[in-house]
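S.K.: My file is entry-v4.txt. It has compact mmCIF, C-alpha atoms:
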```txt
# COMPACT_ATOMS: atom_id res chain seq x y z
CA MET A 14 -25.68 20.89 -2.04
CA LYS A 15 -22.54 21.30 0.00
CA GLN A 16 -19.61 19.86 -1.93
CA ARG A 17 -16.77 18.11 -0.09
CA ILE A 18 -13.32 18.84 -1.57
CA LEU A 19 -10.99 16.53 0.30
CA VAL A 20 -7.51 17.78 -0.56
CA SER A 21 -7.47 19.14 -4.09
CA ALA A 22 -8.58 18.16 -7.54
CA LEU A 23 -5.34 16.18 -7.68
CA GLY A 24 -6.57 13.83 -4.97
CA VAL A 25 -5.07 11.99 -2.03
CA GLY A 26 -4.16 9.03 -4.20
CA ALA A 27 -2.12 11.12 -6.61
CA LEU A 28 -0.17 12.56 -3.71
CA ALA A 29 0.39 9.06 -2.40
CA VAL A 30 1.92 8.01 -5.70
CA ALA A 31 4.24 10.99 -5.40
CA GLY A 32 5.32 9.62 -2.02
CA LEU A 33 3.55 12.30 0.02
CA THR A 34 0.92 11.98 2.70
CA ALA A 35 -2.23 14.06 2.29
CA GLN A 36 -4.50 14.70 5.25
CA ALA A 37 -7.63 16.79 5.35
CA PRO A 38 -8.35 18.70 8.55
CA GLY A 39 -9.67 16.44 11.27
CA ALA A 40 -9.06 13.26 9.26
CA ILE A 41 -6.59 10.47 8.96
CA ALA A 42 -6.10 9.97 5.24
CA ALA A 43 -6.03 6.55 3.65
CA PRO A 44 -2.66 4.97 4.44
CA THR A 45 -0.22 5.90 1.69
CA THR A 46 2.51 3.39 2.39
CA THR A 47 2.93 -0.17 3.49
CA THR A 48 5.97 -2.43 3.30
CA GLY A 49 7.51 -1.50 -0.05
CA ARG A 50 4.13 -0.44 -1.42
CA HIS A 51 2.03 2.67 -1.78
CA VAL A 52 -1.69 3.32 -2.15
CA ALA A 53 -3.14 5.13 -5.17
CA LYS A 54 -6.67 6.15 -6.02
CA VAL A 55 -8.07 4.26 -9.01
CA CYS A 56 -10.37 7.06 -10.21
CA SER A 57 -9.39 10.67 -10.69
CA ALA A 58 -10.67 12.94 -7.94
CA THR A 59 -13.26 15.53 -8.87
CA ALA A 60 -14.09 18.96 -7.50
CA LYS A 61 -17.33 19.25 -9.48
CA ALA A 62 -20.61 19.64 -7.63
CA HIS A 63 -23.27 16.94 -8.07
CA THR A 64 -20.58 14.49 -9.23
CA ALA A 65 -19.19 11.33 -7.61
CA VAL A 66 -15.76 9.71 -7.51
CA CYS A 67 -15.22 5.98 -7.16
CA HIS A 68 -13.83 4.73 -3.85
CA ALA A 69 -11.40 2.07 -5.14
CA LEU A 70 -7.74 2.12 -4.10
CA LYS A 71 -4.87 -0.05 -5.31
CA LEU A 72 -1.43 -0.95 -4.04
CA VAL A 73 1.39 0.15 -6.32
CA SER A 74 5.07 -0.66 -6.15
CA ASP A 75 7.78 1.23 -4.35
CA ALA A 76 8.50 2.82 -7.73
CA LYS A 77 4.91 4.09 -7.73
CA VAL A 78 3.83 1.96 -10.68
CA SER A 79 1.55 -1.03 -11.21
CA PRO A 80 3.73 -3.64 -12.90
CA ALA A 81 2.06 -6.29 -15.04
CA ALA A 82 1.51 -9.48 -13.07
CA THR A 83 0.59 -12.91 -14.37
CA ALA A 84 -0.69 -14.16 -11.01
CA PRO A 85 -2.61 -12.68 -8.07
CA PRO A 86 -0.51 -10.93 -5.40
CA SER A 87 0.22 -13.36 -2.60
CA THR A 88 -0.92 -10.83 0.01
CA GLY A 89 -4.33 -10.27 -1.59
CA LEU A 90 -7.54 -11.52 0.00
CA THR A 91 -8.89 -14.53 -1.92
CA PRO A 92 -12.49 -15.69 -2.27
CA ALA A 93 -11.80 -18.54 0.15
CA GLY A 94 -10.26 -16.14 2.66
CA LEU A 95 -13.12 -13.66 2.39
CA ARG A 96 -15.80 -16.29 2.86
CA ASP A 97 -13.95 -17.76 5.82
CA ALA A 98 -13.45 -14.37 7.47
CA TYR A 99 -17.16 -13.55 7.24
CA LYS A 100 -18.44 -17.14 7.74
CA LEU A 101 -20.20 -17.28 4.38
CA ASN A 102 -19.30 -20.85 3.46
CA GLY A 103 -22.37 -22.99 2.92
CA LEU A 104 -24.61 -20.03 2.06
CA SER A 105 -26.18 -19.69 -1.38
CA ALA A 106 -27.65 -16.79 -3.35
CA ASN A 107 -30.00 -19.30 -5.03
CA GLY A 108 -30.06 -17.43 -8.32
CA ARG A 109 -30.57 -13.97 -6.83
CA THR A 110 -28.95 -11.06 -8.64
CA VAL A 111 -26.60 -8.37 -7.33
CA ALA A 112 -26.55 -5.20 -9.41
CA ILE A 113 -23.41 -3.08 -9.72
CA VAL A 114 -23.81 0.60 -10.61
CA ASP A 115 -20.77 2.49 -11.83
CA ALA A 116 -19.89 5.12 -14.42
CA TYR A 117 -18.52 4.67 -17.94
CA GLY A 118 -17.74 1.63 -20.05
CA TYR A 119 -15.46 -1.39 -19.65
CA PRO A 120 -15.29 -3.35 -22.93
CA ASN A 121 -13.42 -6.34 -21.49
CA LEU A 122 -15.42 -6.77 -18.30
CA GLU A 123 -16.70 -10.23 -19.21
CA ARG A 124 -13.25 -11.43 -20.29
CA ASP A 125 -11.53 -10.13 -17.17
CA LEU A 126 -14.19 -11.51 -14.86
CA GLY A 127 -13.63 -14.88 -16.51
CA VAL A 128 -9.90 -14.71 -15.73
CA TYR A 129 -10.63 -13.91 -12.07
CA ARG A 130 -13.19 -16.65 -11.58
CA SER A 131 -11.09 -19.25 -13.37
CA GLN A 132 -8.04 -18.38 -11.25
CA PHE A 133 -9.93 -19.11 -8.04
CA GLY A 134 -11.92 -22.12 -9.25
CA LEU A 135 -15.28 -20.35 -9.42
CA SER A 136 -17.89 -21.36 -11.98
CA ALA A 137 -18.08 -19.37 -15.20
CA CYS A 138 -20.25 -16.24 -15.09
CA THR A 139 -20.90 -15.15 -18.66
CA VAL A 140 -23.46 -13.35 -20.75
CA ALA A 141 -24.10 -16.58 -22.64
CA ASN A 142 -24.94 -18.66 -19.55
CA GLY A 143 -27.19 -15.94 -18.12
CA CYS A 144 -25.06 -15.20 -15.06
CA LEU A 145 -23.84 -11.80 -16.30
CA ARG A 146 -25.55 -8.85 -17.93
CA ILE A 147 -24.04 -5.49 -18.86
CA ILE A 148 -26.37 -2.61 -19.74
CA ASN A 149 -26.34 1.17 -19.89
CA GLN A 150 -28.12 3.52 -17.53
CA THR A 151 -31.44 3.23 -19.34
CA GLY A 152 -31.23 -0.52 -19.84
CA GLY A 153 -29.89 -0.54 -23.39
CA THR A 154 -26.91 -2.37 -24.83
CA THR A 155 -25.09 0.64 -26.33
CA LEU A 156 -22.47 1.07 -23.63
CA PRO A 157 -20.70 4.27 -22.54
CA ASN A 158 -17.18 5.36 -23.42
CA PHE A 159 -14.29 3.58 -21.71
CA ASN A 160 -12.73 5.13 -18.61
CA VAL A 161 -9.78 3.23 -17.17
CA GLY A 162 -10.34 4.37 -13.58
CA TRP A 163 -14.01 3.51 -13.41
CA ALA A 164 -13.36 0.26 -15.28
CA GLY A 165 -10.96 -0.67 -12.48
CA GLU A 166 -13.74 0.08 -10.02
CA GLN A 167 -16.09 -2.20 -11.93
CA ALA A 168 -13.47 -4.98 -11.90
CA LEU A 169 -13.22 -4.73 -8.12
CA ASP A 170 -17.00 -4.76 -7.76
CA VAL A 171 -17.71 -7.82 -9.90
CA ASP A 172 -14.76 -9.71 -8.40
CA ALA A 173 -15.96 -8.89 -4.87
CA VAL A 174 -19.46 -10.19 -5.63
CA SER A 175 -17.94 -13.30 -7.19
CA ALA A 176 -15.80 -13.89 -4.11
CA ALA A 177 -18.54 -13.36 -1.51
CA ALA A 178 -21.45 -14.99 -3.34
CA PRO A 179 -20.07 -17.14 -6.17
CA ASP A 180 -23.49 -18.36 -7.30
CA ALA A 181 -25.09 -14.91 -7.45
CA LYS A 182 -26.00 -13.51 -10.83
CA ILE A 183 -24.53 -10.10 -11.67
CA VAL A 184 -25.93 -7.20 -13.66
CA VAL A 185 -23.63 -4.24 -14.28
CA VAL A 186 -25.33 -0.94 -15.07
CA GLN A 187 -22.96 1.60 -16.59
CA ALA A 188 -23.91 5.27 -16.30
CA LYS A 189 -22.76 7.59 -19.08
CA SER A 190 -21.05 9.90 -16.58
CA ALA A 191 -20.27 10.19 -12.87
CA SER A 192 -22.93 12.83 -12.27
CA PHE A 193 -25.38 12.14 -9.47
CA ALA A 194 -28.20 12.29 -12.02
CA ASP A 195 -26.70 9.70 -14.37
CA LEU A 196 -25.61 7.35 -11.59
CA GLY A 197 -29.02 7.72 -9.97
CA THR A 198 -30.75 6.91 -13.26
CA ALA A 199 -28.62 3.77 -13.44
CA VAL A 200 -29.72 2.77 -9.93
CA VAL A 201 -33.38 3.08 -10.94
CA THR A 202 -32.69 0.93 -14.00
CA ALA A 203 -30.91 -1.63 -11.81
CA SER A 204 -33.92 -1.81 -9.51
CA LYS A 205 -36.11 -2.84 -12.44
CA GLN A 206 -33.98 -5.77 -13.58
CA PRO A 207 -35.37 -9.26 -12.96
CA GLY A 208 -34.07 -10.98 -9.85
CA VAL A 209 -32.20 -7.99 -8.40
CA VAL A 210 -32.20 -8.07 -4.59
CA ALA A 211 -29.22 -5.80 -3.92
CA ILE A 212 -27.60 -2.82 -5.67
CA SER A 213 -24.01 -1.87 -4.85
CA ASN A 214 -22.77 1.71 -5.23
CA SER A 215 -19.02 2.11 -4.67
CA TYR A 216 -18.85 5.86 -5.13
CA GLY A 217 -19.76 9.12 -3.47
CA GLY A 218 -19.57 12.87 -3.46
CA GLY A 219 -20.40 15.59 -0.99
CA ASP A 220 -23.32 15.27 1.39
CA ALA A 221 -26.58 15.82 -0.48
CA SER A 222 -30.28 15.87 0.21
CA ASP A 223 -32.72 13.02 -0.27
CA ALA A 224 -35.21 15.72 -1.20
CA THR A 225 -33.20 16.15 -4.40
CA TYR A 226 -31.70 12.73 -5.06
CA GLY A 227 -33.49 10.29 -2.76
CA SER A 228 -35.96 9.01 -5.37
CA TYR A 229 -33.03 7.37 -7.17
CA TYR A 230 -32.18 5.22 -4.12
CA ASN A 231 -35.62 4.60 -2.59
CA HIS A 232 -36.36 0.95 -3.42
CA PRO A 233 -38.06 -0.96 -0.59
CA GLY A 234 -37.44 -4.67 -0.94
CA ILE A 235 -33.98 -4.16 -2.47
CA ALA A 236 -30.82 -3.64 -0.41
CA VAL A 237 -29.06 -0.55 -1.77
CA THR A 238 -25.51 -0.38 -0.41
CA ALA A 239 -23.18 2.62 -0.67
CA SER A 240 -19.54 3.06 0.33
CA THR A 241 -18.77 5.79 2.89
CA GLY A 242 -15.49 6.98 1.33
CA ASP A 243 -11.76 6.59 1.78
CA ASP A 244 -10.68 9.77 3.54
CA GLY A 245 -11.52 9.15 7.17
CA TYR A 246 -13.90 11.17 9.32
CA GLN A 247 -15.31 13.86 7.01
CA GLY A 248 -19.06 14.03 7.59
CA GLY A 249 -21.74 12.88 5.18
CA SER A 250 -21.01 11.49 1.71
CA TYR A 251 -23.84 10.85 -0.72
CA PRO A 252 -25.38 8.35 -1.41
CA ALA A 253 -24.08 6.67 1.79
CA SER A 254 -25.67 9.56 3.71
CA SER A 255 -29.08 8.82 2.18
CA SER A 256 -31.74 7.48 4.51
CA TYR A 257 -32.54 4.87 1.85
CA THR A 258 -29.15 3.15 1.59
CA THR A 259 -27.07 0.85 3.74
CA ALA A 260 -23.92 2.89 4.43
CA VAL A 261 -20.86 0.63 4.35
CA GLY A 262 -17.66 1.55 6.21
CA GLY A 263 -14.32 -0.21 6.21
CA THR A 264 -11.98 -2.32 8.30
CA SER A 265 -8.46 -3.68 8.32
CA LEU A 266 -8.74 -7.47 8.19
CA VAL A 267 -5.87 -9.80 9.14
CA SER A 268 -5.56 -13.48 9.95
CA ALA A 269 -5.24 -14.22 13.65
CA SER A 270 -4.74 -17.11 16.05
CA ASN A 271 -8.14 -16.76 17.70
CA SER A 272 -11.34 -18.75 17.51
CA ARG A 273 -12.56 -16.80 14.48
CA GLY A 274 -9.21 -17.02 12.72
CA TRP A 275 -9.32 -13.33 11.81
CA SER A 276 -9.08 -9.95 13.52
CA GLU A 277 -10.52 -6.60 12.46
CA SER A 278 -9.98 -2.99 13.44
CA VAL A 279 -11.02 0.36 11.98
CA TRP A 280 -9.37 1.12 8.65
CA SER A 281 -8.06 4.66 9.06
CA GLY A 282 -9.44 5.69 5.67
CA ALA A 283 -13.02 4.57 6.31
CA GLY A 284 -15.48 7.43 5.84
CA SER A 285 -17.85 8.38 8.65
CA GLY A 286 -19.95 11.26 9.90
CA CYS A 287 -23.39 12.79 10.13
CA SER A 288 -25.50 14.07 7.27
CA THR A 289 -26.56 17.69 7.50
CA TYR A 290 -29.62 16.98 5.36
CA ASN A 291 -31.19 13.55 5.76
CA THR A 292 -33.41 11.93 8.36
CA ALA A 293 -31.89 9.63 10.95
CA LEU A 294 -32.77 5.96 10.62
CA SER A 295 -35.50 5.10 13.09
CA ALA A 296 -33.90 1.68 13.47
CA ALA A 297 -30.76 3.36 14.86
CA ALA A 298 -32.59 5.39 17.52
CA SER A 299 -31.38 3.27 20.45
CA PHE A 300 -27.75 2.98 19.31
CA SER A 301 -26.44 6.36 20.51
CA THR A 302 -24.99 7.59 17.23
CA GLY A 303 -24.73 11.17 18.50
CA CYS A 304 -26.08 12.43 15.15
CA SER A 305 -29.32 14.38 15.04
CA LYS A 306 -29.72 13.31 11.41
CA ARG A 307 -28.56 10.31 9.38
CA ALA A 308 -25.37 8.70 10.74
CA MET A 309 -22.93 6.64 8.71
CA ALA A 310 -21.81 3.86 8.61
CA ASP A 311 -24.39 1.14 9.28
CA VAL A 312 -22.14 -1.88 8.78
CA SER A 313 -18.68 -2.49 7.33
CA ALA A 314 -16.33 -4.97 5.67
CA ALA A 315 -12.71 -5.26 4.57
CA ALA A 316 -11.43 -2.08 2.92
CA ASP A 317 -7.78 -1.55 3.87
CA PRO A 318 -5.81 -2.09 0.63
CA ALA A 319 -2.85 -3.54 2.56
CA LYS A 320 -4.73 -5.54 5.21
CA GLY A 321 -7.67 -7.26 3.61
CA GLY A 322 -7.38 -5.78 0.14
CA MET A 323 -8.55 -8.20 -2.55
CA ALA A 324 -6.46 -9.71 -5.30
CA ILE A 325 -8.33 -8.68 -8.46
CA TYR A 326 -7.88 -8.74 -12.23
CA TYR A 327 -8.40 -5.28 -13.66
CA PRO A 328 -7.79 -3.21 -16.83
CA THR A 329 -4.75 -0.97 -17.26
CA SER A 330 -5.91 0.20 -20.70
CA ARG A 331 -8.74 -0.46 -23.13
CA THR A 332 -7.09 -3.73 -24.18
CA ALA A 333 -4.69 -4.82 -21.41
CA SER A 334 -5.42 -6.14 -17.91
CA THR A 335 -3.37 -7.44 -15.00
CA TRP A 336 -3.48 -8.49 -11.34
CA ALA A 337 -3.20 -6.13 -8.38
CA GLN A 338 -4.38 -5.70 -4.79
CA PHE A 339 -7.37 -3.38 -4.39
CA GLY A 340 -9.22 -1.98 -1.40
CA GLY A 341 -11.17 1.08 -0.29
CA THR A 342 -14.76 1.14 0.87
CA SER A 343 -15.45 0.22 -2.77
CA GLU A 344 -14.42 -3.28 -1.72
CA ALA A 345 -16.77 -3.27 1.26
CA ALA A 346 -19.97 -2.12 -0.48
CA PRO A 347 -20.26 -5.05 -2.94
CA ILE A 348 -19.31 -7.51 -0.18
CA ILE A 349 -22.25 -6.31 1.91
CA ALA A 350 -24.57 -6.30 -1.11
CA SER A 351 -23.57 -9.92 -1.69
CA VAL A 352 -24.32 -10.85 1.92
CA TYR A 353 -27.81 -9.41 1.51
CA ALA A 354 -28.19 -11.65 -1.56
CA LEU A 355 -27.03 -14.64 0.49
CA SER A 356 -29.52 -13.83 3.25
CA GLY A 357 -32.52 -13.82 0.94
CA ASN A 358 -34.09 -11.18 3.19
CA THR A 359 -34.38 -7.64 1.88
CA ALA A 360 -37.97 -6.89 2.83
CA GLY A 361 -38.85 -3.27 3.55
CA TYR A 362 -35.88 -0.94 3.99
CA ALA A 363 -32.95 -3.31 4.21
CA ASN A 364 -30.75 -0.81 6.09
CA ALA A 365 -32.92 -1.43 9.17
CA LEU A 366 -32.21 -5.17 9.28
CA PRO A 367 -28.73 -5.10 10.88
CA TYR A 368 -30.01 -2.87 13.70
CA ALA A 369 -32.54 -5.54 14.61
CA HIS A 370 -29.87 -8.28 14.56
CA SER A 371 -26.69 -6.53 15.68
CA SER A 372 -25.64 -9.47 17.87
CA SER A 373 -25.18 -11.50 14.68
CA LEU A 374 -22.31 -9.27 13.53
CA PHE A 375 -18.62 -9.19 14.41
CA ASP A 376 -18.32 -6.03 16.50
CA VAL A 377 -15.21 -3.98 15.67
CA THR A 378 -13.99 -2.30 18.85
CA SER A 379 -10.52 -0.89 18.12
CA GLY A 380 -9.07 1.78 15.87
CA SER A 381 -9.83 5.30 14.69
CA ASN A 382 -10.28 7.19 11.43
CA GLY A 383 -9.45 10.71 12.66
CA SER A 384 -10.38 13.25 15.30
CA CYS A 385 -13.97 14.28 15.90
CA PRO A 386 -16.08 16.25 18.40
CA THR A 387 -18.15 13.21 19.39
CA THR A 388 -16.04 10.18 20.16
CA GLN A 389 -18.08 7.48 18.44
CA TRP A 390 -18.06 9.36 15.13
CA CYS A 391 -14.41 8.46 14.54
CA ASN A 392 -13.43 5.90 17.19
CA ALA A 393 -14.37 2.26 17.44
CA ARG A 394 -16.25 1.12 20.53
CA THR A 395 -18.55 -1.68 21.63
CA GLY A 396 -21.77 -1.32 19.64
CA TRP A 397 -22.27 1.26 16.92
CA ASP A 398 -19.49 3.57 15.80
CA GLY A 399 -19.03 5.75 12.73
CA PRO A 400 -16.16 4.01 10.91
CA THR A 401 -17.54 0.47 11.17
CA GLY A 402 -21.19 0.90 12.06
CA LEU A 403 -22.57 -2.11 13.91
CA GLY A 404 -19.77 -4.37 12.67
CA THR A 405 -19.01 -6.87 9.92
CA PRO A 406 -20.80 -9.99 8.68
CA ASN A 407 -20.81 -13.15 10.77
CA GLY A 408 -22.72 -15.21 8.26
CA ALA A 409 -25.86 -13.61 6.88
CA ALA A 410 -28.11 -13.68 9.97
CA ALA A 411 -27.90 -9.92 10.51
CA PHE A 412 -29.10 -9.15 6.99
```
Rewrite the structure of this file - the entire thing - as C-alpha cells.
M.R.:
Amino acid sequence: MKQRILVSALGVGALAVAGLTAQAPGAIAAPTTTTGRHVAKVCSATAKAHTAVCHALKLVSDAKVSPAATAPPSTGLTPAGLRDAYKLNGLSANGRTVAIVDAYGYPNLERDLGVYRSQFGLSACTVANGCLRIINQTGGTTLPNFNVGWAGEQALDVDAVSAAAPDAKIVVVQAKSASFADLGTAVVTASKQPGVVAISNSYGGGDASDATYGSYYNHPGIAVTASTGDDGYQGGSYPASSSYTTAVGGTSLVSASNSRGWSESVWSGAGSGCSTYNTALSAAASFSTGCSKRAMADVSAAADPAKGGMAIYYPTSRTASTWAQFGGTSEAAPIIASVYALSGNTAGYANALPYAHSSSLFDVTSGSNGSCPTTQWCNARTGWDGPTGLGTPNGAAAF
C-alpha cells in the first residue's frame, strides 16, 4: 500500500496551532486562521502504514488554546441550522440506526451526548432508553483505552447524527486501535447490529486496495460513508477511495439572502483525487470524472471549521468536557450517513444512488482545493467535481 504522508508526523494541525501554514505540494491545506481563531487537528497525525487518522478539526483561540466554554460558540452550526440548510425538516429516521466507527474509548460519551442534545432541545438518547449503544470492535462491552483526540472525533460524529437525524438510533463501535485492520473489524461488527442502515467512517489513511481491505466495507444494503480528508487535492484516501463506500467531501456553508437561505462553495481542505487501486463506480461512468479508477468524492456536506463548523460538546480530558466549533470532512461523513437513514433507501450499493438522482442535490459550482492536472479533480464546476462530488443534500431524495 502506498502511504500518504501529508506534511510530517507533526501534522498540519500542529503547525496551525503554532501559527504557521502547512501546504503539501499541489494542495491547499485546511485554512489555519480565521478572524481571531486558528484551526487545529483533533487527532495526532500518523506516518504509520496501514493506519488511519481522524479527520476532525477544531477552532482554537488566537492564543492557540481551547478555553473552557459553558455555552456553544455563537458561530457554530446548530441542529436547526443544519437541517434548514439541507432541507431535512419533516424527515424521520423512523427508528433506523446510524453506526459510528472510530478508534479508542470515550468513557463519558453518553454523558456528553446528553449535554449536547439537551442544549438544543433534542430528545434524550441514552443506553437506558435504547437509543444509544456503545460496543467494542467485536461487539463486546469491554471498551478500549481512552484517547482524547479520537474521543473528540466521536463527540463530533454522534452530535452530527443527532443534529441531522434527531430520531435516529446510534451505535458507536470503538476499535482498539487506528489500524486499518481494527477499524475494518469494527465496521463488520457495525454491519451486524440490528437496525443499522448506515455506517459513518470519519477517518482515512493512504490510498489502499479493496483487494486487501475491501471485505471490511462491502455491505450491500447498508450505506457506508467515509470522509475524504482535510488536506485538499491529494489523490486517494482509504476507505473513501474504496469502491464500496460513499466518499464524502466538504464545503464551506454560510447563510445567504437567496431562496435557499444558504450558500456553499468548495472548502479548500476537502480531500479529492483518484484511487490508483480500486475500480471506478459504474454509476459514475457518465459524469466525466477524468479518473480511470475510483474517483472521490461522491457527495459532500459542511466541513469548513469556520464556515459551517458545528458547535459540539467534546472531551478535553478523561473527565472534563467543553464546547467548541468543529469541522473537517469528519463533520460531513456522519451528516451524509444520517441523510441515508432519513431516506430509508439503502438497497444495493448505496454509493450509486446519488448518481441516479443528482438533480435532487444542491450542486456546488465555485471554489477549489488545490492545483491538479485535470481541472475537475480540484475545481468546482456544474455537475461532478472532486472536492464536492455531485453536491450536497437537498432533502433526502438523492439518497
S.K.: Excluding same-chain residues fewer than 4 positions from Gly402 in chain A, what lies within 9 Å of it counting only C-alpha atoms, as a VMD selection string?
M.R.: chain A and resid 260 to 262 285 308 to 313 376 to 377 393 396 to 398
S.K.: Go ahead and dump the residues you just picked, C-alpha atoms, as a short mmCIF file (atom, residue, chain, number, x, y, z; two decimals), keeping the file's coordinate frame.
M.R.:
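Saved result, part.cif, follows:
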```cif
data_model
loop_
_atom_site.label_atom_id
_atom_site.label_comp_id
_atom_site.auth_asym_id
_atom_site.auth_seq_id
_atom_site.Cartn_x
_atom_site.Cartn_y
_atom_site.Cartn_z
CA ALA A 260 -23.92 2.89 4.43
CA VAL A 261 -20.86 0.63 4.35
CA GLY A 262 -17.66 1.55 6.21
CA SER A 285 -17.85 8.38 8.65
CA ALA A 308 -25.37 8.70 10.74
CA MET A 309 -22.93 6.64 8.71
CA ALA A 310 -21.81 3.86 8.61
CA ASP A 311 -24.39 1.14 9.28
CA VAL A 312 -22.14 -1.88 8.78
CA SER A 313 -18.68 -2.49 7.33
CA ASP A 376 -18.32 -6.03 16.50
CA VAL A 377 -15.21 -3.98 15.67
CA ALA A 393 -14.37 2.26 17.44
CA GLY A 396 -21.77 -1.32 19.64
CA TRP A 397 -22.27 1.26 16.92
CA ASP A 398 -19.49 3.57 15.80
#
```
S.K.: Please measure the separation of CA of Gly282 in chain A and CA of Thr238 in chain A, giving the value in Å to one decimal.
M.R.: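 Between CA of Gly282 in chain A and CA of Thr238 in chain A the gap works out to 18.2 Å.
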S.K.: Can you work out which one of A:Tyr99, A:Phe193, A:Tyr251, A:Trp163 has the shortest atom-to-atom distance to Lys61 in chain A, counting all atoms listed in the file?
M.R.: A:Phe193
S.K.: When distances are computed from all atoms listed in the file, which of A:Leu126, A:Val73, A:Ala297, A:Ala176 shows the smallest separation from Pro86 in chain A?
M.R.: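 Of the candidates, the smallest distance to Pro86 in chain A is held by A:Val73.
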S.K.: Each residue of range 225-256 of chain A with at least one atom at most 9 Å from range 356-360 of chain A should appear once, together with its nearest atom pair and the corresponding distance in Å (one decimal); atoms considered: all atoms listed in the file; ordering: chain, then increasing residue number; output as CSV.
M.R.:
```
residue,atom,partner,partner_atom,distance
A:Pro233,CA,A:Ala360,CA,6.8
A:Gly234,CA,A:Ala360,CA,4.4
A:Ile235,CA,A:Thr359,CA,5.6
A:Ala236,CA,A:Thr359,CA,5.8
```
S.K.: Find the axis-aligned box for range 334-346 of chain A, covering all its listed atoms and adding 5 Å on each side, and write its centre and edge lengths in Å to one decimal as lines of an AutoDock Vina configuration file.
M.R.:
```
center_x = -11.6
center_y = -3.7
center_z = -8.3
size_x = 26.8
size_y = 19.6
size_z = 29.2
```
S.K.: So that I can check the surroundings of Glu344 in chain A, please list as a VMD selection string every protein, DNA and RNA residue that reaches within 12 Å of it, counting all atoms listed in the file and ignoring chain neighbours fewer than 4 positions away.
M.R.: chain A and resid 67 to 71 90 95 165 to 177 213 to 216 238 to 243 261 to 265 283 313 to 318 321 to 325 338 to 340 348 to 351
S.K.: Using the incomplete input, complete range 207-212 of chain A to the level of all heavy atoms; output as a JSON list (two decimals), in the coordinates of the input.
M.R.:
```json
[["chain", "number", "residue", "atom", "x", "y", "z"],
["A", 207, "PRO", "N", -34.84, -8.05, -13.59],
["A", 207, "PRO", "CA", -35.37, -9.26, -12.96],
["A", 207, "PRO", "C", -34.38, -9.87, -11.98],
["A", 207, "PRO", "O", -33.19, -9.99, -12.27],
["A", 207, "PRO", "CB", -35.60, -10.20, -14.15],
["A", 207, "PRO", "CG", -35.73, -9.30, -15.34],
["A", 207, "PRO", "CD", -34.84, -8.13, -15.07],
["A", 208, "GLY", "N", -34.87, -10.25, -10.82],
["A", 208, "GLY", "CA", -34.07, -10.98, -9.85],
["A", 208, "GLY", "C", -33.17, -10.15, -8.96],
["A", 208, "GLY", "O", -32.53, -10.70, -8.06],
["A", 209, "VAL", "N", -33.11, -8.83, -9.18],
["A", 209, "VAL", "CA", -32.20, -7.99, -8.40],
["A", 209, "VAL", "C", -32.71, -7.86, -6.96],
["A", 209, "VAL", "O", -33.83, -7.41, -6.73],
["A", 209, "VAL", "CB", -32.02, -6.61, -9.03],
["A", 209, "VAL", "CG1", -31.32, -5.64, -8.07],
["A", 209, "VAL", "CG2", -31.20, -6.73, -10.32],
["A", 210, "VAL", "N", -31.86, -8.22, -6.01],
["A", 210, "VAL", "CA", -32.20, -8.07, -4.59],
["A", 210, "VAL", "C", -31.28, -7.08, -3.88],
["A", 210, "VAL", "O", -31.57, -6.67, -2.75],
["A", 210, "VAL", "CB", -32.16, -9.42, -3.85],
["A", 210, "VAL", "CG1", -33.19, -10.38, -4.41],
["A", 210, "VAL", "CG2", -30.77, -10.03, -3.90],
["A", 211, "ALA", "N", -30.17, -6.74, -4.52],
["A", 211, "ALA", "CA", -29.22, -5.80, -3.92],
["A", 211, "ALA", "C", -28.55, -4.99, -5.03],
["A", 211, "ALA", "O", -28.30, -5.51, -6.12],
["A", 211, "ALA", "CB", -28.17, -6.54, -3.10],
["A", 212, "ILE", "N", -28.27, -3.72, -4.73],
["A", 212, "ILE", "CA", -27.60, -2.82, -5.67],
["A", 212, "ILE", "C", -26.42, -2.19, -4.94],
["A", 212, "ILE", "O", -26.59, -1.53, -3.92],
["A", 212, "ILE", "CB", -28.54, -1.72, -6.18],
["A", 212, "ILE", "CG1", -29.79, -2.31, -6.81],
["A", 212, "ILE", "CG2", -27.81, -0.82, -7.18],
["A", 212, "ILE", "CD1", -30.87, -1.27, -7.14]]
```
